[in-house]
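Each remark here refers to the structure printed beneath this line.
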Protein chains: 2
Amino acid sequence: MLNITDPAEARKIIRADKYDKQTAGIAGKYVQGNLCILPSKYALDFAAFCQKNPKPCPLIGFGIKGDPYLKDLGDIDIRTDVPRYKIWQNGKVVDEPTNIKKYWNDDLVTFVLGCSMSFELPLMEAGIEMQHIKNNTTVPMYKTNIDCEPAGPFKGKLVVSMRPLNAEDTIKAIQISSRFPAVHGAPVHLGDPAQIGIKDIMKPEYGDAPRVIKNNEIPVFWACGVTPQSVVENCKPDFCITHKPGAMLITDKLNSSLAAIN
Amino acid sequence: MLNITDPAEARKIIRADKYDKQTAGIAGKYVQGNLCILPSKYALDFAAFCQKNPKPCPLIGFGIKGDPYLKDLGDIDIRTDVPRYKIWQNGKVVDEPTNIKKYWNDDLVTFVLGCSMSFELPLMEAGIEMQHIKNNTTVPMYKTNIDCEPAGPFKGKLVVSMRPLNAEDTIKAIQISSRFPAVHGAPVHLGDPAQIGIKDIMKPEYGDAPRVIKNNEIPVFWACGVTPQSVVENCKPDFCITHKPGAMLITDKLNSSLAAIN
């Protein structure tokens, strides 16, 4: 991991193709974002999908057609500033480059979506220990039976992330994450996984399985930034660029600036 | 005023062209929205403008191109369900019809933006008296020297609404409105109007002048839903449809559903 606290410095290294891995913990006070770049013919419907599904798809950046710069998120060139990208054609990954200079064109529109890292830091600062962080694994993620609100061709099921917490920490976590509607906000469910269509809590569709859920722990479920990727896979646009999961865009926005209530 | 508490019933009367006036107080528990309908060539930039300026332009509804129905806000046909519209051509109002059936076409995209009515009700429920409501006048609104974040052709100054409150009510109003980021959220300023470029607090650009600001009162300023109309006037799109200020879209969404924290 890059041991860097300044987001611009981290991007400088990433821009030079000198780092292509996970960004968790890099410039930890700053917002990191999920990436989705689409041809303009899909862009309006995808924007509507994000507006209709703000919990899984909180839009924190919105590029102008053909413009690779995202000035309101920092000195960002989206063609180079993400460690590793995925190039999708008709719903299949065809390349995983460290920059997208040769794929960029004047018709592309960039979307940046918030991610749960922005509320995990305040949870940790409140003394809440999260199993996946303690074990240095990826948070477990599950496809639910909850339909997203469709928009044009974009439709699909909500994906959630799960953190097992004791009762006291569950209450605190609900309070704290509620203050961050721009990065998934309050949980969407807690307790019985079957109620949202999850058959086996020990077998997540994405990320790493939980090692254990203790008797005094409650599974707490948040809307997850994997939802839009899963939806884009469903919709199979002829062309699409995302980040490689975990290798996020590091912005100049402080996590604390996303709080509705500080 | 229509003395009706059910939003669908209110829309039925409006849909039949039987009511064309102010909607304040009608179906008061439900969200009312500002309207902006644009040809699709402007829609992506306007959506980006709203994303970049969530305090004045909180997007609560986003239609699909050519689709006049807004199912996620209720059984709504945007061609008929607003009491009175404004038809704009090149930045000038050319018609103020009670429905837009003859203006609707397959290329139009509908945007609905939250309005401060949604947080005024919880303010009143907390015992906060607002001068403009007590006097049955329109809240005073001012153009500030604060630039909105531009997006494509859309740019301009932030418009704010002002409510004079005593210190205790100012604190309570900040707490309560902070819970509603989807309808302008926390104030953008309080105290000295000159700091945000307002020359004479007794002479608002829109709405009615305050009758008095008492010695123990502080002017408290919120981002205002008039901002997008002012920006659309600047940008002068060849065609645009808005509501007539005050004659809003009444939705089926409860105001309380917009709270980030209940």
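By order in the structure tokens, chains are A, B, ...; within a chain, residues start at 1; ligands start at 1, following the order shown.
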TODO: Would you list the contacts of Ile196 (chain A) as JSON, numbers by chain, taking every protein, DNA or RNA residue within 12 Å and counting only C-alpha atoms, but skipping same-chain residues closer than 4 positions in sequence?
DONE: {"A": [142, 143, 144, 145, 146, 147, 157, 158, 159, 160, 188, 189, 190, 191, 192, 200, 201, 220, 221, 222, 223]}
Kindly export the residues of the current selection with N, CA and C atoms, as a PDB file, in the first residue's frame.
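So out.pdb came out as:
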ATOM      1  N   TYR A 142     -23.604  -9.227  -1.067  1.00  0.00           N
ATOM      2  CA  TYR A 142     -24.650 -10.180  -1.435  1.00  0.00           C
ATOM      3  C   TYR A 142     -25.631  -9.544  -2.399  1.00  0.00           C
ATOM      4  N   LYS A 143     -26.110 -10.343  -3.360  1.00  0.00           N
ATOM      5  CA  LYS A 143     -27.201  -9.899  -4.204  1.00  0.00           C
ATOM      6  C   LYS A 143     -28.502 -10.160  -3.437  1.00  0.00           C
ATOM      7  N   THR A 144     -29.372  -9.158  -3.341  1.00  0.00           N
ATOM      8  CA  THR A 144     -30.636  -9.310  -2.615  1.00  0.00           C
ATOM      9  C   THR A 144     -31.775  -9.571  -3.595  1.00  0.00           C
ATOM     10  N   ASN A 145     -32.995  -9.731  -3.048  1.00  0.00           N
ATOM     11  CA  ASN A 145     -34.182  -9.831  -3.914  1.00  0.00           C
ATOM     12  C   ASN A 145     -34.889  -8.483  -4.052  1.00  0.00           C
ATOM     13  N   ILE A 146     -34.194  -7.404  -3.659  1.00  0.00           N
ATOM     14  CA  ILE A 146     -34.788  -6.064  -3.738  1.00  0.00           C
ATOM     15  C   ILE A 146     -34.494  -5.469  -5.115  1.00  0.00           C
ATOM     16  N   ASP A 147     -35.566  -5.121  -5.857  1.00  0.00           N
ATOM     17  CA  ASP A 147     -35.369  -4.505  -7.173  1.00  0.00           C
ATOM     18  C   ASP A 147     -34.941  -3.059  -7.036  1.00  0.00           C
ATOM     19  N   LYS A 157     -31.025  -6.115  -9.390  1.00  0.00           N
ATOM     20  CA  LYS A 157     -31.228  -6.272  -7.952  1.00  0.00           C
ATOM     21  C   LYS A 157     -30.194  -5.442  -7.174  1.00  0.00           C
ATOM     22  N   LEU A 158     -30.618  -5.016  -5.998  1.00  0.00           N
ATOM     23  CA  LEU A 158     -29.728  -4.294  -5.087  1.00  0.00           C
ATOM     24  C   LEU A 158     -28.662  -5.237  -4.521  1.00  0.00           C
ATOM     25  N   VAL A 159     -27.412  -4.784  -4.553  1.00  0.00           N
ATOM     26  CA  VAL A 159     -26.331  -5.504  -3.879  1.00  0.00           C
ATOM     27  C   VAL A 159     -26.063  -4.797  -2.548  1.00  0.00           C
ATOM     28  N   VAL A 160     -25.826  -5.594  -1.490  1.00  0.00           N
ATOM     29  CA  VAL A 160     -25.562  -5.015  -0.168  1.00  0.00           C
ATOM     30  C   VAL A 160     -24.222  -5.522   0.369  1.00  0.00           C
ATOM     31  N   VAL A 188     -29.832  -0.605   4.947  1.00  0.00           N
ATOM     32  CA  VAL A 188     -31.122  -0.928   4.330  1.00  0.00           C
ATOM     33  C   VAL A 188     -31.830  -2.061   5.056  1.00  0.00           C
ATOM     34  N   HIS A 189     -31.092  -2.810   5.888  1.00  0.00           N
ATOM     35  CA  HIS A 189     -31.687  -3.950   6.591  1.00  0.00           C
ATOM     36  C   HIS A 189     -30.767  -4.349   7.736  1.00  0.00           C
ATOM     37  N   LEU A 190     -31.342  -5.005   8.739  1.00  0.00           N
ATOM     38  CA  LEU A 190     -30.507  -5.652   9.764  1.00  0.00           C
ATOM     39  C   LEU A 190     -31.228  -6.887  10.286  1.00  0.00           C
ATOM     40  N   GLY A 191     -30.439  -7.857  10.742  1.00  0.00           N
ATOM     41  CA  GLY A 191     -31.030  -9.094  11.243  1.00  0.00           C
ATOM     42  C   GLY A 191     -31.175 -10.147  10.153  1.00  0.00           C
ATOM     43  N   ASP A 192     -32.339 -10.793  10.115  1.00  0.00           N
ATOM     44  CA  ASP A 192     -32.585 -11.974   9.270  1.00  0.00           C
ATOM     45  C   ASP A 192     -32.240 -11.755   7.796  1.00  0.00           C
ATOM     46  N   ASP A 200     -27.583 -17.816   2.149  1.00  0.00           N
ATOM     47  CA  ASP A 200     -26.521 -18.280   3.047  1.00  0.00           C
ATOM     48  C   ASP A 200     -25.552 -17.135   3.337  1.00  0.00           C
ATOM     49  N   ILE A 201     -25.635 -16.642   4.548  1.00  0.00           N
ATOM     50  CA  ILE A 201     -24.837 -15.461   4.923  1.00  0.00           C
ATOM     51  C   ILE A 201     -23.326 -15.756   4.854  1.00  0.00           C
ATOM     52  N   VAL A 220     -25.585  -6.438   9.743  1.00  0.00           N
ATOM     53  CA  VAL A 220     -26.129  -5.130   9.352  1.00  0.00           C
ATOM     54  C   VAL A 220     -25.771  -4.902   7.888  1.00  0.00           C
ATOM     55  N   PHE A 221     -26.797  -4.558   7.074  1.00  0.00           N
ATOM     56  CA  PHE A 221     -26.643  -4.510   5.609  1.00  0.00           C
ATOM     57  C   PHE A 221     -26.755  -3.076   5.084  1.00  0.00           C
ATOM     58  N   TRP A 222     -25.752  -2.697   4.302  1.00  0.00           N
ATOM     59  CA  TRP A 222     -25.781  -1.379   3.640  1.00  0.00           C
ATOM     60  C   TRP A 222     -25.884  -1.558   2.122  1.00  0.00           C
ATOM     61  N   ALA A 223     -26.573  -0.641   1.445  1.00  0.00           N
ATOM     62  CA  ALA A 223     -26.553  -0.606  -0.020  1.00  0.00           C
ATOM     63  C   ALA A 223     -25.102  -0.482  -0.468  1.00  0.00           C
TER      64      ALA A 223
END
May I have a table of the residues of chain B lying at most 8 Å from chain A, giving each one's closest pair of atoms and their distance in Å to one decimal, counting only C-alpha atoms, ordered by chain and ascending residue number, as a Markdown table?
| residue | atom | partner | partner_atom | distance |
| --- | --- | --- | --- | --- |
| B:Ala43 | CA | A:Leu44 | CA | 7.3 |
| B:Leu44 | CA | A:Leu44 | CA | 5.7 |
| B:Asp45 | CA | A:Ile64 | CA | 6.7 |
| B:Ala47 | CA | A:Ala47 | CA | 7.3 |
| B:Ala48 | CA | A:Phe62 | CA | 5.6 |
| B:Gln51 | CA | A:Phe62 | CA | 7.0 |
| B:Lys52 | CA | A:Gly61 | CA | 7.5 |
| B:Leu59 | CA | A:Gln51 | CA | 7.1 |
| B:Ile60 | CA | A:Gln51 | CA | 7.4 |
| B:Gly61 | CA | A:Gln51 | CA | 7.5 |
| B:Phe62 | CA | A:Ala48 | CA | 5.5 |
| B:Gly63 | CA | A:Ala48 | CA | 7.2 |
| B:Ile64 | CA | A:Gly152 | CA | 6.6 |
| B:Asp72 | CA | A:Lys52 | CA | 7.8 |
| B:Glu149 | CA | A:Asp72 | CA | 7.9 |
| B:Ala151 | CA | A:Ile64 | CA | 6.9 |
| B:Gly152 | CA | A:Ile64 | CA | 6.6 |
| B:Ser178 | CA | A:Ile261 | CA | 6.0 |
| B:Arg179 | CA | A:Ala260 | CA | 7.0 |
| B:Pro181 | CA | A:Ala260 | CA | 6.4 |
| B:Gly185 | CA | A:Ala260 | CA | 7.7 |
| B:Ala260 | CA | A:Ser178 | CA | 6.2 |
| B:Ile261 | CA | A:Ser178 | CA | 6.0 |
Export, as a short mmCIF file (atom, residue, chain, number, x, y, z; two decimals), in the first residue's frame, the selected residues with N, CA and C atoms.
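Okay, out05.cif is ready:
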data_model
loop_
_atom_site.label_atom_id
_atom_site.label_comp_id
_atom_site.auth_asym_id
_atom_site.auth_seq_id
_atom_site.Cartn_x
_atom_site.Cartn_y
_atom_site.Cartn_z
N ALA B 43 -30.19 17.99 -21.56
CA ALA B 43 -30.57 17.28 -20.33
C ALA B 43 -29.38 16.76 -19.53
N LEU B 44 -28.37 16.25 -20.25
CA LEU B 44 -27.23 15.68 -19.53
C LEU B 44 -26.47 16.77 -18.78
N ASP B 45 -26.28 17.92 -19.41
CA ASP B 45 -25.59 19.02 -18.73
C ASP B 45 -26.43 19.55 -17.56
N ALA B 47 -28.54 17.77 -15.77
CA ALA B 47 -28.41 16.75 -14.72
C ALA B 47 -27.08 16.92 -13.98
N ALA B 48 -26.00 17.17 -14.74
CA ALA B 48 -24.70 17.39 -14.11
C ALA B 48 -24.72 18.65 -13.25
N GLN B 51 -26.34 17.77 -10.04
CA GLN B 51 -25.44 16.96 -9.20
C GLN B 51 -24.39 17.83 -8.55
N LYS B 52 -23.89 18.83 -9.27
CA LYS B 52 -22.80 19.67 -8.76
C LYS B 52 -23.31 20.74 -7.80
N LEU B 59 -32.30 17.10 -6.86
CA LEU B 59 -33.08 16.36 -7.85
C LEU B 59 -33.91 15.29 -7.15
N ILE B 60 -35.24 15.42 -7.16
CA ILE B 60 -36.09 14.40 -6.55
C ILE B 60 -36.86 13.60 -7.59
N GLY B 61 -36.81 14.05 -8.86
CA GLY B 61 -37.47 13.31 -9.93
C GLY B 61 -36.71 13.49 -11.23
N PHE B 62 -36.64 12.43 -12.05
CA PHE B 62 -35.81 12.45 -13.25
C PHE B 62 -36.51 11.57 -14.27
N GLY B 63 -37.17 12.20 -15.23
CA GLY B 63 -37.92 11.45 -16.23
C GLY B 63 -37.02 10.83 -17.28
N ILE B 64 -37.52 9.77 -17.91
CA ILE B 64 -36.83 9.18 -19.05
C ILE B 64 -37.25 9.97 -20.30
N ASP B 72 -42.06 6.94 -9.97
CA ASP B 72 -41.49 6.87 -8.62
C ASP B 72 -41.94 8.03 -7.73
N GLU B 149 -21.55 25.94 -9.19
CA GLU B 149 -20.58 25.13 -9.94
C GLU B 149 -21.13 24.96 -11.37
N ALA B 151 -21.85 23.66 -15.28
CA ALA B 151 -21.86 22.37 -15.99
C ALA B 151 -22.33 22.66 -17.41
N GLY B 152 -21.43 22.53 -18.37
CA GLY B 152 -21.76 22.86 -19.75
C GLY B 152 -22.24 24.30 -19.83
N SER B 178 -31.01 20.49 8.47
CA SER B 178 -29.86 19.63 8.15
C SER B 178 -30.28 18.19 7.88
N ARG B 179 -31.38 17.79 8.50
CA ARG B 179 -31.89 16.42 8.31
C ARG B 179 -32.50 16.24 6.93
N PRO B 181 -31.32 16.99 3.48
CA PRO B 181 -30.44 17.40 2.37
C PRO B 181 -31.13 17.35 1.01
N GLY B 185 -31.48 21.34 2.53
CA GLY B 185 -30.62 21.04 3.67
C GLY B 185 -30.38 22.22 4.58
N ALA B 260 -32.81 12.54 5.93
CA ALA B 260 -31.65 11.65 6.03
C ALA B 260 -31.67 10.98 7.39
N ILE B 261 -32.11 11.71 8.38
CA ILE B 261 -32.24 11.18 9.74
C ILE B 261 -33.62 11.55 10.23
#
Open item on the list: With only C-alpha atoms as the counted atoms, please give the residues lying no more than 8 Å from Cys115 (chain B), apart from itself and same-chain residues fewer than 2 positions off, as a PyMOL selection string.
Closed with: chain B and resi 31-34+113+117-118+183-184+224-225
Alpha helix (DSSP H) residues, from DSSP on the backbone, in region 13-194 of chain A, as a PDB file with N, CA and C atoms, in the first residue's frame:
ATOM      1  N   ILE A  13       1.441   9.553  -8.416  1.00  0.00           N
ATOM      2  CA  ILE A  13       2.091   8.239  -8.566  1.00  0.00           C
ATOM      3  C   ILE A  13       1.239   7.322  -9.448  1.00  0.00           C
ATOM      4  N   ILE A  14      -0.082   7.342  -9.202  1.00  0.00           N
ATOM      5  CA  ILE A  14      -1.000   6.511  -9.984  1.00  0.00           C
ATOM      6  C   ILE A  14      -1.005   6.976 -11.449  1.00  0.00           C
ATOM      7  N   ARG A  15      -0.989   8.283 -11.656  1.00  0.00           N
ATOM      8  CA  ARG A  15      -1.009   8.869 -13.006  1.00  0.00           C
ATOM      9  C   ARG A  15       0.200   8.420 -13.824  1.00  0.00           C
ATOM     10  N   SER A  40     -22.345   8.549 -24.529  1.00  0.00           N
ATOM     11  CA  SER A  40     -23.387   9.517 -24.175  1.00  0.00           C
ATOM     12  C   SER A  40     -24.798   8.970 -24.407  1.00  0.00           C
ATOM     13  N   LYS A  41     -24.976   8.048 -25.339  1.00  0.00           N
ATOM     14  CA  LYS A  41     -26.343   7.536 -25.579  1.00  0.00           C
ATOM     15  C   LYS A  41     -26.926   6.823 -24.361  1.00  0.00           C
ATOM     16  N   TYR A  42     -26.053   6.323 -23.460  1.00  0.00           N
ATOM     17  CA  TYR A  42     -26.532   5.681 -22.230  1.00  0.00           C
ATOM     18  C   TYR A  42     -26.555   6.622 -21.023  1.00  0.00           C
ATOM     19  N   ALA A  43     -25.901   7.784 -21.177  1.00  0.00           N
ATOM     20  CA  ALA A  43     -25.554   8.579 -19.989  1.00  0.00           C
ATOM     21  C   ALA A  43     -26.783   9.134 -19.260  1.00  0.00           C
ATOM     22  N   LEU A  44     -27.760   9.608 -20.035  1.00  0.00           N
ATOM     23  CA  LEU A  44     -28.921  10.231 -19.398  1.00  0.00           C
ATOM     24  C   LEU A  44     -29.706   9.188 -18.594  1.00  0.00           C
ATOM     25  N   ASP A  45     -29.880   7.994 -19.168  1.00  0.00           N
ATOM     26  CA  ASP A  45     -30.584   6.934 -18.441  1.00  0.00           C
ATOM     27  C   ASP A  45     -29.792   6.481 -17.211  1.00  0.00           C
ATOM     28  N   PHE A  46     -28.466   6.434 -17.322  1.00  0.00           N
ATOM     29  CA  PHE A  46     -27.678   6.030 -16.148  1.00  0.00           C
ATOM     30  C   PHE A  46     -27.755   7.100 -15.055  1.00  0.00           C
ATOM     31  N   ALA A  47     -27.744   8.381 -15.470  1.00  0.00           N
ATOM     32  CA  ALA A  47     -27.905   9.469 -14.481  1.00  0.00           C
ATOM     33  C   ALA A  47     -29.252   9.349 -13.784  1.00  0.00           C
ATOM     34  N   ALA A  48     -30.300   9.049 -14.562  1.00  0.00           N
ATOM     35  CA  ALA A  48     -31.629   8.869 -13.966  1.00  0.00           C
ATOM     36  C   ALA A  48     -31.642   7.673 -13.021  1.00  0.00           C
ATOM     37  N   PHE A  49     -30.938   6.594 -13.418  1.00  0.00           N
ATOM     38  CA  PHE A  49     -30.860   5.413 -12.546  1.00  0.00           C
ATOM     39  C   PHE A  49     -30.211   5.785 -11.212  1.00  0.00           C
ATOM     40  N   CYS A  50     -29.145   6.553 -11.252  1.00  0.00           N
ATOM     41  CA  CYS A  50     -28.476   6.981 -10.008  1.00  0.00           C
ATOM     42  C   CYS A  50     -29.414   7.851  -9.165  1.00  0.00           C
ATOM     43  N   GLN A  51     -30.128   8.765  -9.819  1.00  0.00           N
ATOM     44  CA  GLN A  51     -31.052   9.627  -9.067  1.00  0.00           C
ATOM     45  C   GLN A  51     -32.139   8.796  -8.400  1.00  0.00           C
ATOM     46  N   LYS A  52     -32.611   7.771  -9.076  1.00  0.00           N
ATOM     47  CA  LYS A  52     -33.709   6.959  -8.538  1.00  0.00           C
ATOM     48  C   LYS A  52     -33.234   5.960  -7.490  1.00  0.00           C
ATOM     49  N   MET A 117     -16.152   3.288   2.160  1.00  0.00           N
ATOM     50  CA  MET A 117     -14.947   3.706   2.904  1.00  0.00           C
ATOM     51  C   MET A 117     -15.176   5.035   3.632  1.00  0.00           C
ATOM     52  N   SER A 118     -15.999   5.909   3.013  1.00  0.00           N
ATOM     53  CA  SER A 118     -16.205   7.239   3.600  1.00  0.00           C
ATOM     54  C   SER A 118     -16.947   7.186   4.934  1.00  0.00           C
ATOM     55  N   PHE A 119     -17.753   6.130   5.160  1.00  0.00           N
ATOM     56  CA  PHE A 119     -18.366   6.068   6.491  1.00  0.00           C
ATOM     57  C   PHE A 119     -17.671   5.065   7.405  1.00  0.00           C
ATOM     58  N   GLU A 120     -16.778   4.228   6.845  1.00  0.00           N
ATOM     59  CA  GLU A 120     -16.063   3.288   7.716  1.00  0.00           C
ATOM     60  C   GLU A 120     -15.066   4.014   8.622  1.00  0.00           C
ATOM     61  N   LEU A 121     -14.466   5.086   8.099  1.00  0.00           N
ATOM     62  CA  LEU A 121     -13.524   5.844   8.936  1.00  0.00           C
ATOM     63  C   LEU A 121     -14.221   6.436  10.168  1.00  0.00           C
ATOM     64  N   PRO A 122     -15.341   7.178   9.982  1.00  0.00           N
ATOM     65  CA  PRO A 122     -16.035   7.653  11.192  1.00  0.00           C
ATOM     66  C   PRO A 122     -16.533   6.523  12.095  1.00  0.00           C
ATOM     67  N   LEU A 123     -16.881   5.372  11.540  1.00  0.00           N
ATOM     68  CA  LEU A 123     -17.270   4.239  12.406  1.00  0.00           C
ATOM     69  C   LEU A 123     -16.079   3.820  13.274  1.00  0.00           C
ATOM     70  N   MET A 124     -14.897   3.698  12.630  1.00  0.00           N
ATOM     71  CA  MET A 124     -13.702   3.307  13.394  1.00  0.00           C
ATOM     72  C   MET A 124     -13.346   4.353  14.441  1.00  0.00           C
ATOM     73  N   GLU A 125     -13.483   5.627  14.058  1.00  0.00           N
ATOM     74  CA  GLU A 125     -13.179   6.703  15.006  1.00  0.00           C
ATOM     75  C   GLU A 125     -14.115   6.670  16.212  1.00  0.00           C
ATOM     76  N   GLN A 131     -15.033  -6.523  11.319  1.00  0.00           N
ATOM     77  CA  GLN A 131     -14.331  -7.786  11.128  1.00  0.00           C
ATOM     78  C   GLN A 131     -13.457  -7.784   9.868  1.00  0.00           C
ATOM     79  N   HIS A 132     -14.019  -7.288   8.747  1.00  0.00           N
ATOM     80  CA  HIS A 132     -13.261  -7.365   7.484  1.00  0.00           C
ATOM     81  C   HIS A 132     -12.013  -6.494   7.530  1.00  0.00           C
ATOM     82  N   ILE A 133     -12.080  -5.406   8.284  1.00  0.00           N
ATOM     83  CA  ILE A 133     -10.899  -4.531   8.388  1.00  0.00           C
ATOM     84  C   ILE A 133      -9.871  -5.171   9.315  1.00  0.00           C
ATOM     85  N   LYS A 134     -10.355  -5.692  10.446  1.00  0.00           N
ATOM     86  CA  LYS A 134      -9.460  -6.360  11.403  1.00  0.00           C
ATOM     87  C   LYS A 134      -8.723  -7.522  10.727  1.00  0.00           C
ATOM     88  N   ALA A 167     -25.123  -5.198  19.481  1.00  0.00           N
ATOM     89  CA  ALA A 167     -26.285  -4.300  19.515  1.00  0.00           C
ATOM     90  C   ALA A 167     -25.875  -2.845  19.686  1.00  0.00           C
ATOM     91  N   GLU A 168     -24.947  -2.601  20.611  1.00  0.00           N
ATOM     92  CA  GLU A 168     -24.522  -1.223  20.888  1.00  0.00           C
ATOM     93  C   GLU A 168     -23.900  -0.595  19.642  1.00  0.00           C
ATOM     94  N   ASP A 169     -23.001  -1.365  18.997  1.00  0.00           N
ATOM     95  CA  ASP A 169     -22.345  -0.828  17.802  1.00  0.00           C
ATOM     96  C   ASP A 169     -23.316  -0.690  16.627  1.00  0.00           C
ATOM     97  N   THR A 170     -24.332  -1.575  16.569  1.00  0.00           N
ATOM     98  CA  THR A 170     -25.346  -1.455  15.511  1.00  0.00           C
ATOM     99  C   THR A 170     -26.053  -0.108  15.618  1.00  0.00           C
ATOM    100  N   ILE A 171     -26.444   0.238  16.836  1.00  0.00           N
ATOM    101  CA  ILE A 171     -27.142   1.518  17.043  1.00  0.00           C
ATOM    102  C   ILE A 171     -26.230   2.688  16.673  1.00  0.00           C
ATOM    103  N   LYS A 172     -24.991   2.649  17.149  1.00  0.00           N
ATOM    104  CA  LYS A 172     -24.038   3.727  16.820  1.00  0.00           C
ATOM    105  C   LYS A 172     -23.800   3.807  15.311  1.00  0.00           C
ATOM    106  N   ALA A 173     -23.655   2.636  14.669  1.00  0.00           N
ATOM    107  CA  ALA A 173     -23.369   2.606  13.226  1.00  0.00           C
ATOM    108  C   ALA A 173     -24.535   3.174  12.417  1.00  0.00           C
ATOM    109  N   ILE A 174     -25.763   2.914  12.881  1.00  0.00           N
ATOM    110  CA  ILE A 174     -26.931   3.486  12.198  1.00  0.00           C
ATOM    111  C   ILE A 174     -26.904   5.012  12.335  1.00  0.00           C
ATOM    112  N   GLN A 175     -26.604   5.481  13.551  1.00  0.00           N
ATOM    113  CA  GLN A 175     -26.550   6.930  13.753  1.00  0.00           C
ATOM    114  C   GLN A 175     -25.497   7.575  12.856  1.00  0.00           C
ATOM    115  N   ILE A 176     -24.300   6.984  12.863  1.00  0.00           N
ATOM    116  CA  ILE A 176     -23.181   7.612  12.154  1.00  0.00           C
ATOM    117  C   ILE A 176     -23.382   7.547  10.643  1.00  0.00           C
ATOM    118  N   SER A 177     -23.733   6.365  10.107  1.00  0.00           N
ATOM    119  CA  SER A 177     -23.857   6.266   8.648  1.00  0.00           C
ATOM    120  C   SER A 177     -25.048   7.079   8.133  1.00  0.00           C
ATOM    121  N   SER A 178     -26.064   7.294   8.973  1.00  0.00           N
ATOM    122  CA  SER A 178     -27.203   8.123   8.560  1.00  0.00           C
ATOM    123  C   SER A 178     -26.770   9.548   8.213  1.00  0.00           C
TER     124      SER A 178
END
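Shell of region 251-254 of chain B at 6 Å, with only C-alpha atoms counted and residues fewer than 2 places along the chain excluded, is B:Pro7, B:Lys29, B:Tyr30, B:Val31, B:Gln32, B:Leu73, B:Gly74, B:Ser256, B:Ser257.
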TODO: Give me, please, the distance in Å between CA of Thr5 (chain B) and CA of Pro97 (chain B), quoted to one decimal.
DONE: 25.1 Å
